[in-house]
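Trainee: What follows is the file protein.tsv, containing TSV, C-alpha atoms:
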chain	number	residue	atom	x	y	z
V	1	MET	CA	0.00	0.00	0.00
V	2	ASN	CA	1.41	3.34	-1.03
V	3	SER	CA	1.77	5.61	2.03
V	4	THR	CA	3.10	8.62	0.14
V	5	PRO	CA	1.16	11.69	1.34
V	6	ALA	CA	-0.93	13.63	-1.11
V	7	PRO	CA	0.76	16.70	-2.56
V	8	VAL	CA	0.04	20.00	-0.79
V	9	LEU	CA	-1.37	22.59	-3.17
V	10	GLU	CA	-1.57	25.65	-0.94
V	11	PRO	CA	1.89	27.07	-1.78
V	12	ALA	CA	1.22	26.87	-5.54
V	13	GLU	CA	-2.14	28.51	-5.04
V	14	THR	CA	-0.58	31.23	-2.94
V	15	VAL	CA	2.01	31.94	-5.62
V	16	THR	CA	-0.75	32.15	-8.21
V	17	ASP	CA	-2.72	34.55	-6.03
V	18	LEU	CA	0.36	36.69	-5.46
V	19	SER	CA	1.11	36.74	-9.18
V	20	ALA	CA	-2.47	37.77	-9.88
V	21	ARG	CA	-2.24	40.55	-7.34
V	22	ARG	CA	1.04	41.80	-8.84
V	23	GLY	CA	-0.79	42.16	-12.13
V	24	HIS	CA	-3.35	44.50	-10.60
V	25	SER	CA	-3.37	48.17	-11.46
V	26	PRO	CA	-2.92	50.75	-8.63
V	27	ALA	CA	-6.69	51.36	-8.67
V	28	GLN	CA	-7.38	47.64	-8.27
V	29	ARG	CA	-4.90	47.41	-5.40
V	30	LEU	CA	-6.66	50.33	-3.72
V	31	GLN	CA	-9.99	48.62	-4.34
V	32	HIS	CA	-8.78	45.43	-2.63
V	33	LEU	CA	-7.29	47.42	0.26
V	34	LEU	CA	-10.52	49.31	0.92
V	35	HIS	CA	-12.45	46.04	0.68
V	36	ARG	CA	-10.29	44.57	3.44
V	37	ARG	CA	-10.09	47.80	5.49
V	38	PRO	CA	-13.36	49.76	5.00
V	39	ALA	CA	-12.43	52.28	7.74
V	40	LEU	CA	-9.43	53.60	5.77
V	41	SER	CA	-11.56	55.72	3.43
V	42	PRO	CA	-13.41	57.69	6.17
V	43	LEU	CA	-10.15	58.02	8.13
V	44	ALA	CA	-8.51	59.70	5.15
V	45	VAL	CA	-11.51	62.02	4.70
V	46	LEU	CA	-11.45	62.95	8.40
V	47	ILE	CA	-7.73	63.74	8.43
V	48	VAL	CA	-7.94	65.86	5.26
V	49	SER	CA	-11.02	67.69	6.61
V	50	ILE	CA	-9.31	68.54	9.91
V	51	VAL	CA	-6.21	69.84	8.11
V	52	ILE	CA	-8.23	72.00	5.70
V	53	PHE	CA	-10.54	73.49	8.33
V	54	SER	CA	-7.55	74.20	10.60
V	55	LEU	CA	-5.94	76.18	7.78
V	56	VAL	CA	-9.18	78.04	7.04
V	57	ASN	CA	-9.73	79.07	10.66
V	58	ALA	CA	-7.14	78.63	13.41
V	59	ARG	CA	-9.91	78.43	16.04
V	60	PHE	CA	-10.98	75.06	14.65
V	61	TYR	CA	-7.86	73.38	16.03
V	62	SER	CA	-8.28	74.84	19.53
V	63	ALA	CA	-8.87	72.47	22.46
V	64	VAL	CA	-12.18	74.19	23.25
V	65	ASN	CA	-13.55	73.68	19.74
V	66	LEU	CA	-12.35	70.09	19.36
V	67	SER	CA	-13.90	69.29	22.76
V	68	LEU	CA	-17.16	70.74	21.47
V	69	VAL	CA	-16.98	68.56	18.34
V	70	ALA	CA	-16.51	65.45	20.50
V	71	GLN	CA	-19.47	66.39	22.70
V	72	GLN	CA	-21.66	67.01	19.65
V	73	THR	CA	-20.68	63.60	18.29
V	74	ALA	CA	-21.68	61.69	21.45
V	75	VAL	CA	-25.42	61.31	20.76
V	76	VAL	CA	-25.31	60.50	17.03
V	77	GLY	CA	-22.08	58.54	17.45
V	78	SER	CA	-23.60	56.25	20.08
V	79	LEU	CA	-26.79	55.88	18.05
V	80	ALA	CA	-24.67	54.91	15.04
V	81	VAL	CA	-23.55	51.78	16.93
V	82	GLY	CA	-27.09	50.39	16.85
V	83	GLN	CA	-27.62	51.57	13.29
V	84	THR	CA	-24.43	49.77	12.22
V	85	LEU	CA	-25.71	46.47	13.60
V	86	ILE	CA	-28.90	46.78	11.56
V	87	ILE	CA	-27.17	47.86	8.35
V	88	LEU	CA	-24.65	45.02	8.65
V	89	THR	CA	-27.63	42.65	8.31
V	90	ALA	CA	-28.57	44.42	5.03
V	91	GLY	CA	-31.38	46.28	6.79
V	92	ILE	CA	-31.92	49.92	7.74
V	93	ASP	CA	-33.59	51.50	10.77
V	94	LEU	CA	-35.41	54.81	10.41
V	95	SER	CA	-36.82	54.65	13.95
V	96	VAL	CA	-33.69	54.68	16.16
V	97	GLY	CA	-33.89	58.42	16.87
V	98	SER	CA	-37.60	58.40	17.71
V	99	ILE	CA	-37.13	55.44	20.07
V	100	MET	CA	-34.22	57.28	21.73
V	101	VAL	CA	-36.31	60.41	22.32
V	102	LEU	CA	-39.24	58.35	23.67
V	103	ALA	CA	-37.02	56.42	26.10
V	104	SER	CA	-35.26	59.60	27.21
V	105	PHE	CA	-38.53	61.46	27.82
V	106	LEU	CA	-40.07	58.57	29.77
V	107	ALA	CA	-37.03	58.32	32.05
V	108	ALA	CA	-36.90	62.08	32.65
V	109	ASN	CA	-40.63	62.31	33.30
V	110	LEU	CA	-40.53	59.47	35.84
V	111	ILE	CA	-37.85	61.33	37.78
V	112	TYR	CA	-39.47	64.76	37.44
V	113	THR	CA	-43.10	63.83	38.07
V	114	ASP	CA	-43.02	60.65	40.18
V	115	HIS	CA	-39.62	61.19	41.84
V	116	THR	CA	-38.56	57.74	40.68
V	117	SER	CA	-34.96	56.73	41.41
V	118	VAL	CA	-32.47	57.09	38.55
V	119	PRO	CA	-31.72	53.32	38.30
V	120	VAL	CA	-35.43	52.53	37.95
V	121	ALA	CA	-35.91	55.30	35.37
V	122	LEU	CA	-32.96	53.97	33.36
V	123	LEU	CA	-34.34	50.44	33.58
V	124	VAL	CA	-37.65	51.69	32.16
V	125	ALA	CA	-35.75	53.39	29.33
V	126	VAL	CA	-33.96	50.11	28.56
V	127	LEU	CA	-37.20	48.10	28.60
V	128	VAL	CA	-38.97	50.60	26.34
V	129	ALA	CA	-36.11	50.76	23.82
V	130	VAL	CA	-35.66	46.98	23.70
V	131	ALA	CA	-39.43	46.41	23.40
V	132	ALA	CA	-39.66	48.92	20.55
V	133	GLN	CA	-36.82	47.22	18.71
V	134	ALA	CA	-38.36	43.81	19.42
V	135	ILE	CA	-41.44	45.00	17.52
V	136	ASN	CA	-39.24	46.03	14.59
V	137	GLY	CA	-37.32	42.76	14.68
V	138	LEU	CA	-40.39	40.54	14.87
V	139	LEU	CA	-42.08	42.35	11.98
V	140	VAL	CA	-38.94	41.85	9.88
V	141	THR	CA	-38.16	38.24	10.85
V	142	ARG	CA	-41.60	36.73	11.40
V	143	ILE	CA	-43.88	38.61	9.02
V	144	LYS	CA	-40.95	39.22	6.63
V	145	LEU	CA	-41.71	42.87	5.97
V	146	PRO	CA	-38.93	45.04	4.48
V	147	PRO	CA	-36.93	46.80	7.25
V	148	PHE	CA	-37.31	50.15	5.50
V	149	ILE	CA	-41.11	49.95	5.53
V	150	VAL	CA	-41.29	48.57	9.08
V	151	THR	CA	-39.07	51.23	10.60
V	152	LEU	CA	-40.65	54.02	8.56
V	153	GLY	CA	-43.98	53.05	10.11
V	154	THR	CA	-42.63	52.69	13.65
V	155	PHE	CA	-40.74	55.98	13.28
V	156	ASN	CA	-44.04	57.76	12.82
V	157	ALA	CA	-45.72	55.73	15.56
V	158	PHE	CA	-43.04	56.31	18.21
V	159	THR	CA	-42.73	59.99	17.31
V	160	ALA	CA	-46.50	60.42	17.72
V	161	ILE	CA	-46.49	58.54	21.05
V	162	THR	CA	-43.74	60.82	22.38
V	163	LEU	CA	-45.54	64.01	21.30
V	164	ILE	CA	-48.85	62.83	22.74
V	165	TYR	CA	-47.23	61.77	26.00
V	166	ALA	CA	-45.21	65.00	26.31
V	167	LYS	CA	-48.16	67.27	25.47
V	168	GLY	CA	-45.74	69.72	23.92
V	169	GLU	CA	-43.82	70.22	27.17
V	170	THR	CA	-40.12	69.95	27.91
V	171	ILE	CA	-38.59	68.73	31.17
V	172	THR	CA	-35.69	70.41	32.94
V	173	LEU	CA	-34.11	68.31	35.67
V	174	ASN	CA	-32.08	69.37	38.67
V	175	PRO	CA	-28.41	69.62	37.59
V	176	GLY	CA	-27.51	67.13	40.33
V	177	SER	CA	-29.79	64.42	38.90
V	178	GLY	CA	-28.03	61.17	38.03
V	179	LEU	CA	-29.81	61.15	34.68
V	180	LEU	CA	-27.74	64.21	33.74
V	181	TRP	CA	-24.44	62.57	34.73
V	182	THR	CA	-23.57	62.05	31.07
V	183	GLY	CA	-23.57	65.82	30.59
V	184	GLN	CA	-20.98	66.42	33.31
V	185	SER	CA	-17.37	66.84	32.24
V	186	PHE	CA	-13.76	66.63	33.36
V	187	LEU	CA	-10.48	67.96	32.02
V	188	VAL	CA	-7.87	65.93	30.15
V	189	GLY	CA	-5.09	68.44	29.65
V	190	ASN	CA	-6.80	71.33	27.88
V	191	PHE	CA	-9.63	69.17	26.58
V	192	ARG	CA	-12.98	69.05	28.34
V	193	VAL	CA	-14.53	65.59	28.03
V	194	THR	CA	-18.09	64.74	29.07
V	195	TYR	CA	-19.03	61.40	30.58
V	196	GLY	CA	-21.35	61.00	27.61
V	197	VAL	CA	-18.31	60.87	25.33
V	198	VAL	CA	-16.71	58.30	27.66
V	199	LEU	CA	-19.90	56.22	27.64
V	200	MET	CA	-19.97	56.36	23.85
V	201	ALA	CA	-16.36	55.13	23.72
V	202	VAL	CA	-17.17	52.23	26.08
V	203	LEU	CA	-20.14	51.36	23.88
V	204	TYR	CA	-17.92	51.15	20.81
V	205	ILE	CA	-15.31	49.02	22.56
V	206	VAL	CA	-17.83	46.50	23.93
V	207	VAL	CA	-19.87	46.09	20.74
V	208	ALA	CA	-16.75	46.05	18.52
V	209	TYR	CA	-15.35	43.23	20.65
V	210	ALA	CA	-18.63	41.30	20.30
V	211	LEU	CA	-18.60	41.74	16.51
V	212	ARG	CA	-14.95	40.80	16.11
V	213	CYS	CA	-14.35	38.11	18.72
V	214	THR	CA	-17.61	36.20	19.20
V	215	ALA	CA	-19.59	33.68	17.17
V	216	TRP	CA	-22.55	36.06	17.30
V	217	GLY	CA	-20.53	38.73	15.49
V	218	ARG	CA	-19.36	36.32	12.79
V	219	HIS	CA	-22.92	35.08	12.31
V	220	LEU	CA	-24.14	38.67	12.00
V	221	TYR	CA	-21.66	39.42	9.22
V	222	ALA	CA	-22.45	36.13	7.47
V	223	THR	CA	-26.19	36.77	7.60
V	224	GLY	CA	-25.78	40.25	6.16
V	225	ASP	CA	-23.43	39.09	3.42
V	226	ASP	CA	-25.63	36.21	2.20
V	227	ALA	CA	-28.56	35.15	4.36
V	228	GLU	CA	-29.34	32.02	2.34
V	229	ALA	CA	-25.75	30.79	2.38
V	230	ALA	CA	-25.60	31.48	6.12
V	231	ARG	CA	-28.81	29.48	6.65
V	232	LEU	CA	-27.43	26.55	4.65
V	233	ALA	CA	-24.29	26.70	6.80
V	234	GLY	CA	-26.43	26.07	9.87
V	235	ILE	CA	-26.87	29.64	11.15
V	236	ASN	CA	-30.29	30.51	12.52
V	237	THR	CA	-30.56	33.70	10.49
V	238	LYS	CA	-33.93	34.74	11.94
V	239	ARG	CA	-32.54	34.56	15.46
V	240	VAL	CA	-29.44	36.51	14.42
V	241	LEU	CA	-31.55	39.23	12.80
V	242	LEU	CA	-33.80	39.52	15.85
V	243	SER	CA	-30.78	39.67	18.17
V	244	ALA	CA	-29.35	42.55	16.12
V	245	TYR	CA	-32.51	44.58	16.75
V	246	LEU	CA	-32.54	43.71	20.47
V	247	VAL	CA	-28.89	44.67	20.97
V	248	ALA	CA	-29.60	47.87	19.03
V	249	GLY	CA	-32.40	48.52	21.55
V	250	LEU	CA	-29.87	48.35	24.40
V	251	VAL	CA	-27.61	50.75	22.51
V	252	ILE	CA	-30.50	53.16	21.96
V	253	ALA	CA	-31.23	53.18	25.71
V	254	VAL	CA	-27.62	54.24	26.35
V	255	SER	CA	-28.00	56.93	23.66
V	256	ALA	CA	-31.14	58.14	25.45
V	257	TRP	CA	-29.11	58.60	28.64
V	258	ILE	CA	-26.45	60.53	26.74
V	259	LEU	CA	-29.17	62.69	25.13
V	260	ALA	CA	-30.69	63.51	28.54
V	261	GLY	CA	-27.33	64.77	29.77
V	262	ARG	CA	-26.84	66.75	26.58
V	263	VAL	CA	-30.18	68.65	26.75
V	264	GLY	CA	-30.39	68.84	30.55
V	265	GLY	CA	-33.59	66.82	30.78
V	266	ALA	CA	-35.95	65.87	27.96
V	267	ASP	CA	-37.35	67.58	24.90
V	268	PRO	CA	-39.81	65.76	22.59
V	269	ASN	CA	-38.39	67.72	19.65
V	270	SER	CA	-34.75	66.84	20.31
V	271	GLY	CA	-33.08	64.32	18.07
V	272	LEU	CA	-35.66	64.65	15.31
V	273	ASN	CA	-32.92	64.30	12.70
V	274	ALA	CA	-31.01	61.62	14.60
V	275	ASN	CA	-32.52	58.84	12.47
V	276	LEU	CA	-31.02	60.16	9.25
V	277	GLU	CA	-27.86	61.44	10.96
V	278	SER	CA	-27.08	57.96	12.28
V	279	ILE	CA	-27.55	56.44	8.82
V	280	THR	CA	-25.37	59.19	7.35
V	281	ALA	CA	-22.59	58.45	9.84
V	282	VAL	CA	-22.68	54.71	9.13
V	283	VAL	CA	-22.73	55.12	5.34
V	284	ILE	CA	-19.93	57.71	5.31
V	285	GLY	CA	-18.06	55.36	7.65
V	286	GLY	CA	-17.85	52.73	4.93
V	287	THR	CA	-20.47	50.21	6.09
V	288	SER	CA	-22.18	48.76	3.03
V	289	LEU	CA	-25.92	49.32	2.71
V	290	PHE	CA	-26.03	45.85	1.14
V	291	GLY	CA	-24.84	44.26	4.39
V	292	GLY	CA	-21.97	42.07	5.45
V	293	ARG	CA	-19.15	44.62	5.24
V	294	GLY	CA	-18.18	47.47	7.53
V	295	SER	CA	-16.88	48.27	11.00
V	296	LEU	CA	-17.82	50.25	14.08
V	297	LEU	CA	-14.60	52.22	13.79
V	298	GLY	CA	-15.79	53.44	10.41
V	299	SER	CA	-19.14	54.50	11.89
V	300	LEU	CA	-17.37	56.50	14.61
V	301	LEU	CA	-15.21	58.17	11.98
V	302	GLY	CA	-18.34	58.88	9.93
V	303	ALA	CA	-20.05	60.55	12.90
V	304	LEU	CA	-16.92	62.65	13.51
V	305	ILE	CA	-16.75	63.63	9.82
V	306	VAL	CA	-20.32	64.97	9.89
V	307	GLN	CA	-19.63	67.04	13.02
V	308	VAL	CA	-16.26	68.25	11.71
V	309	PHE	CA	-17.90	69.42	8.49
V	310	ASP	CA	-20.74	71.18	10.33
V	311	ASN	CA	-18.35	72.84	12.77
V	312	GLY	CA	-15.63	73.68	10.25
V	313	LEU	CA	-18.00	75.17	7.69
V	314	ALA	CA	-19.75	77.20	10.41
V	315	LEU	CA	-16.41	78.64	11.57
V	316	ALA	CA	-15.59	79.42	7.94
V	317	GLY	CA	-18.79	81.45	7.71
V	318	VAL	CA	-20.48	79.14	5.22
V	319	ASP	CA	-24.28	79.28	5.09
V	320	ALA	CA	-26.01	76.43	6.96
V	321	ASN	CA	-27.74	75.30	3.76
V	322	TYR	CA	-24.36	74.65	2.16
V	323	GLN	CA	-23.37	72.59	5.20
V	324	VAL	CA	-26.32	70.30	4.53
V	325	LEU	CA	-25.35	70.20	0.84
V	326	ALA	CA	-21.79	69.17	1.75
V	327	VAL	CA	-23.00	66.28	3.91
V	328	GLY	CA	-25.35	65.16	1.14
V	329	ILE	CA	-22.48	65.09	-1.34
V	330	LEU	CA	-20.43	63.06	1.15
V	331	VAL	CA	-23.21	60.47	1.43
V	332	ILE	CA	-23.50	60.09	-2.35
V	333	ALA	CA	-19.71	59.81	-2.65
V	334	ALA	CA	-19.57	57.19	0.12
V	335	VAL	CA	-22.26	55.03	-1.52
V	336	SER	CA	-20.51	55.36	-4.90
V	337	VAL	CA	-17.22	54.21	-3.36
V	338	ASP	CA	-19.05	51.30	-1.71
V	339	GLN	CA	-20.49	50.21	-5.05
V	340	TRP	CA	-16.99	50.32	-6.57
V	341	ILE	CA	-15.49	48.36	-3.68
V	342	ARG	CA	-18.19	45.65	-3.88
V	343	LYS	CA	-16.95	44.73	-7.37
V	344	VAL	CA	-13.90	43.15	-5.75
V	345	ARG	CA	-13.68	39.38	-6.00
V	346	ALA	CA	-11.48	38.59	-3.02
Kindly return the structure encoded in the file as structure tokens.

Mentor:
Amino acid sequence: MNSTPAPVLEPAETVTDLSARRGHSPAQRLQHLLHRRPALSPLAVLIVSIVIFSLVNARFYSAVNLSLVAQQTAVVGSLAVGQTLIILTAGIDLSVGSIMVLASFLAANLIYTDHTSVPVALLVAVLVAVAAQAINGLLVTRIKLPPFIVTLGTFNAFTAITLIYAKGETITLNPGSGLLWTGQSFLVGNFRVTYGVVLMAVLYIVVAYALRCTAWGRHLYATGDDAEAARLAGINTKRVLLSAYLVAGLVIAVSAWILAGRVGGADPNSGLNANLESITAVVIGGTSLFGGRGSLLGSLLGALIVQVFDNGLALAGVDANYQVLAVGILVIAAVSVDQWIRKVRA
């Protein structure tokens, strides 16, 4: 009996792959690089933007202004974490901002009207946000409705519930309230950092670890990339999709806490644009609207890019309408780059 081992083909295949890659044009190499590292594109945009705005107005680069940019990023940046989870599954969530405002207002009202303890108020905010996202998830996974239609409907529903419940009133809490802890700040050198920014950073670290280092994260990417292939591989895609919405609900509850600290209480009209702003941050950050490709780091960079553009253009004296135009152009450019990158056959 011949015991000679079968020939190993990997080295030959590797040489072939390397030869093929050497034959690529510079544009194709860039395409492959961005496919493997989707956060590189928004990082480059952010660095160039900071340099340009610093040259246009020296105040942009001051510690006070950069601290303000970070504080302005906290709400949308944290909300973008939940939005990223949904978009990675090839979905989209138009209701995240309205759920955040509803959860924030309920928590603030419980403290203001019923003198409820802060932990209980925060628990109510968590339950409301998770329940709202459970509704979205069940409609998508069980009834199989398109995520866009589902969340468009629940966006209107949750916005109406908040306005009816608030009766047009705002709530201002005592500055010492624990619900406003996220609005308090401390100094790091010359930079003033709020606890809301710290909480946002913790949120990114925890969820990024879950996406990168757990089976749940790998299943989420696989489901977004090709749900049918993932199902045939033994992944319970419905459960994965539902879990993405539930985890997003937890993230939204944290965003609601950050929002409360930012506005000093609760305002039913705050965060009205947060739905679209979170999508904008995720798309500019390089996460594919077709699912299965992207990173939380890119979403954070996308949120920073939006705030840097708003702040930098304002300091440059540019009309607010042109600021909106600039962000719109960035979104179109980001989606165009994503379409180009998706042509890669890695």

Trainee: Out of V:Val282, V:Val51, V:Ser295, V:Leu145, which residue has the shortest atom-to-atom distance to Ala210 of chain V when counting all atoms listed in the file?

Mentor: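 That would be V:Ser295, the residue with the smallest distance to Ala210 of chain V.
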
Trainee: Using all atoms listed in the file, pick whichever of V:Ala39, V:Val193, V:Ala157, V:Leu102 has the shortest atom-to-atom distance to Val64 of chain V.

Mentor: V:Val193

Trainee: Give me, as JSON lines, each residue of segment 241-339 of chain V that comes within 7 Å of segment 40-45 of chain V, together with its shortest interatomic pair and the distance in Å at one decimal, counting only C-alpha atoms, with rows ordered by chain and rising residue number.

Mentor:
{"residue": "V:Ile284", "atom": "CA", "partner": "V:Pro42", "partner_atom": "CA", "distance": 6.6}
{"residue": "V:Gly285", "atom": "CA", "partner": "V:Pro42", "partner_atom": "CA", "distance": 5.4}
{"residue": "V:Gly286", "atom": "CA", "partner": "V:Pro42", "partner_atom": "CA", "distance": 6.8}
{"residue": "V:Gly298", "atom": "CA", "partner": "V:Pro42", "partner_atom": "CA", "distance": 6.5}
{"residue": "V:Leu301", "atom": "CA", "partner": "V:Pro42", "partner_atom": "CA", "distance": 6.1}
{"residue": "V:Gly302", "atom": "CA", "partner": "V:Pro42", "partner_atom": "CA", "distance": 6.3}

Trainee: Just how far from atom CA of Tyr245 of chain V is atom CA of Gln133 of chain V, in Å to one decimal?

Mentor: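 Here the two named atoms are 5.4 Å from each other.
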
Trainee: Interatomic distance between atom CA of Thr89 of chain V and atom CA of Leu297 of chain V?

Mentor: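 So the answer is 17.1 Å.
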
Trainee: So how many Å separate atom CA of Gln28 of chain V and atom CA of Trp340 of chain V, to one decimal?

Mentor: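 If I compute the distance from atom CA of Gln28 of chain V to atom CA of Trp340 of chain V, I get 10.1 Å.
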
Trainee: For a cutoff of 12 Å around the file-coordinate point (-19.1, 53.2, 25.1), which residues qualify once you count all atoms listed in the file? I'd like the result as a ChimeraX atom specification.

Mentor: /V:74-75,77-82,182,195-209,250-252,254-255,257-258,296,300

Trainee: Which residue gives the smallest distance to Asn275 of chain V among V:Ser98, V:Thr154, V:Asn321, V:Ser54, with only C-alpha atoms counted?

Mentor: V:Ser98

Trainee: Given 8 Å of margin on each side, can you work out the centre and size in Å (one decimal) of an axis-aligned box holding every listed atom of segment 274-283 of chain V, as lines of an AutoDock Vina configuration file?

Mentor:
center_x = -27.6
center_y = 58.2
center_z = 10.0
size_x = 25.9
size_y = 22.9
size_z = 25.3

Trainee: Taking all atoms listed in the file into account, which of V:Thr84, V:Asn109, V:Gly97, V:Trp216 comes nearest Ala132 of chain V?

Mentor: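 Among the listed residues, the smallest separation from Ala132 of chain V belongs to V:Gly97.
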
Trainee: Check the smallest atom-to-atom distance from each of V:Val327, V:Ala316, V:Ala244, V:Ile92 to Ala134 of chain V using only C-alpha atoms, then report the winner.

Mentor: V:Ala244

Trainee: Counting all atoms listed in the file, which of V:Leu330, V:Leu259, V:Val318, V:Val118 gets nearest to Gln71 of chain V?

Mentor: V:Leu259

Trainee: Please rebuild segment 98-117 of chain V with N, CA, C and O atoms and return the result as an mmCIF file, in the coordinates of the input.

Mentor:
data_model
loop_
_atom_site.group_PDB
_atom_site.id
_atom_site.type_symbol
_atom_site.label_atom_id
_atom_site.label_comp_id
_atom_site.auth_asym_id
_atom_site.auth_seq_id
_atom_site.Cartn_x
_atom_site.Cartn_y
_atom_site.Cartn_z
ATOM 1 N N SER V 98 -36.299 58.223 17.039
ATOM 2 C CA SER V 98 -37.600 58.400 17.710
ATOM 3 C C SER V 98 -37.706 57.521 18.947
ATOM 4 O O SER V 98 -38.287 57.932 19.964
ATOM 5 N N ILE V 99 -37.137 56.320 18.892
ATOM 6 C CA ILE V 99 -37.130 55.440 20.070
ATOM 7 C C ILE V 99 -36.250 56.064 21.161
ATOM 8 O O ILE V 99 -36.609 56.037 22.349
ATOM 9 N N MET V 100 -35.114 56.629 20.773
ATOM 10 C CA MET V 100 -34.220 57.280 21.730
ATOM 11 C C MET V 100 -34.923 58.422 22.457
ATOM 12 O O MET V 100 -34.849 58.522 23.694
ATOM 13 N N VAL V 101 -35.623 59.265 21.716
ATOM 14 C CA VAL V 101 -36.310 60.410 22.320
ATOM 15 C C VAL V 101 -37.426 59.922 23.251
ATOM 16 O O VAL V 101 -37.613 60.462 24.354
ATOM 17 N N LEU V 102 -38.179 58.894 22.828
ATOM 18 C CA LEU V 102 -39.240 58.350 23.670
ATOM 19 C C LEU V 102 -38.686 57.798 24.975
ATOM 20 O O LEU V 102 -39.196 58.105 26.064
ATOM 21 N N ALA V 103 -37.619 56.999 24.898
ATOM 22 C CA ALA V 103 -37.020 56.420 26.100
ATOM 23 C C ALA V 103 -36.463 57.502 27.015
ATOM 24 O O ALA V 103 -36.612 57.431 28.244
ATOM 25 N N SER V 104 -35.837 58.509 26.425
ATOM 26 C CA SER V 104 -35.260 59.600 27.210
ATOM 27 C C SER V 104 -36.347 60.392 27.926
ATOM 28 O O SER V 104 -36.210 60.730 29.111
ATOM 29 N N PHE V 105 -37.444 60.670 27.220
ATOM 30 C CA PHE V 105 -38.530 61.460 27.820
ATOM 31 C C PHE V 105 -39.225 60.683 28.936
ATOM 32 O O PHE V 105 -39.560 61.245 29.977
ATOM 33 N N LEU V 106 -39.436 59.386 28.731
ATOM 34 C CA LEU V 106 -40.070 58.570 29.770
ATOM 35 C C LEU V 106 -39.228 58.555 31.042
ATOM 36 O O LEU V 106 -39.750 58.717 32.152
ATOM 37 N N ALA V 107 -37.916 58.360 30.893
ATOM 38 C CA ALA V 107 -37.030 58.320 32.050
ATOM 39 C C ALA V 107 -37.026 59.663 32.782
ATOM 40 O O ALA V 107 -37.125 59.709 34.020
ATOM 41 N N ALA V 108 -36.919 60.755 32.035
ATOM 42 C CA ALA V 108 -36.900 62.080 32.650
ATOM 43 C C ALA V 108 -38.220 62.402 33.337
ATOM 44 O O ALA V 108 -38.246 62.974 34.437
ATOM 45 N N ASN V 109 -39.315 62.022 32.723
ATOM 46 C CA ASN V 109 -40.630 62.310 33.300
ATOM 47 C C ASN V 109 -40.862 61.514 34.580
ATOM 48 O O ASN V 109 -41.482 62.011 35.530
ATOM 49 N N LEU V 110 -40.388 60.279 34.622
ATOM 50 C CA LEU V 110 -40.530 59.470 35.840
ATOM 51 C C LEU V 110 -39.800 60.120 37.004
ATOM 52 O O LEU V 110 -40.288 60.124 38.142
ATOM 53 N N ILE V 111 -38.631 60.670 36.735
ATOM 54 C CA ILE V 111 -37.850 61.330 37.780
ATOM 55 C C ILE V 111 -38.482 62.658 38.180
ATOM 56 O O ILE V 111 -38.602 62.989 39.367
ATOM 57 N N TYR V 112 -38.929 63.416 37.190
ATOM 58 C CA TYR V 112 -39.470 64.760 37.440
ATOM 59 C C TYR V 112 -40.849 64.724 38.094
ATOM 60 O O TYR V 112 -41.105 65.458 39.045
ATOM 61 N N THR V 113 -41.717 63.853 37.593
ATOM 62 C CA THR V 113 -43.100 63.830 38.070
ATOM 63 C C THR V 113 -43.300 62.891 39.259
ATOM 64 O O THR V 113 -43.924 63.249 40.256
ATOM 65 N N ASP V 114 -42.773 61.669 39.149
ATOM 66 C CA ASP V 114 -43.020 60.650 40.180
ATOM 67 C C ASP V 114 -41.859 60.474 41.149
ATOM 68 O O ASP V 114 -41.923 59.616 42.035
ATOM 69 N N HIS V 115 -40.794 61.266 40.958
ATOM 70 C CA HIS V 115 -39.620 61.190 41.840
ATOM 71 C C HIS V 115 -39.052 59.764 41.912
ATOM 72 O O HIS V 115 -38.609 59.307 42.960
ATOM 73 N N THR V 116 -39.101 59.088 40.769
ATOM 74 C CA THR V 116 -38.560 57.740 40.680
ATOM 75 C C THR V 116 -37.030 57.800 40.765
ATOM 76 O O THR V 116 -36.412 58.775 40.331
ATOM 77 N N SER V 117 -36.416 56.772 41.324
ATOM 78 C CA SER V 117 -34.960 56.730 41.410
ATOM 79 C C SER V 117 -34.358 56.619 40.009
ATOM 80 O O SER V 117 -34.994 56.084 39.086
#
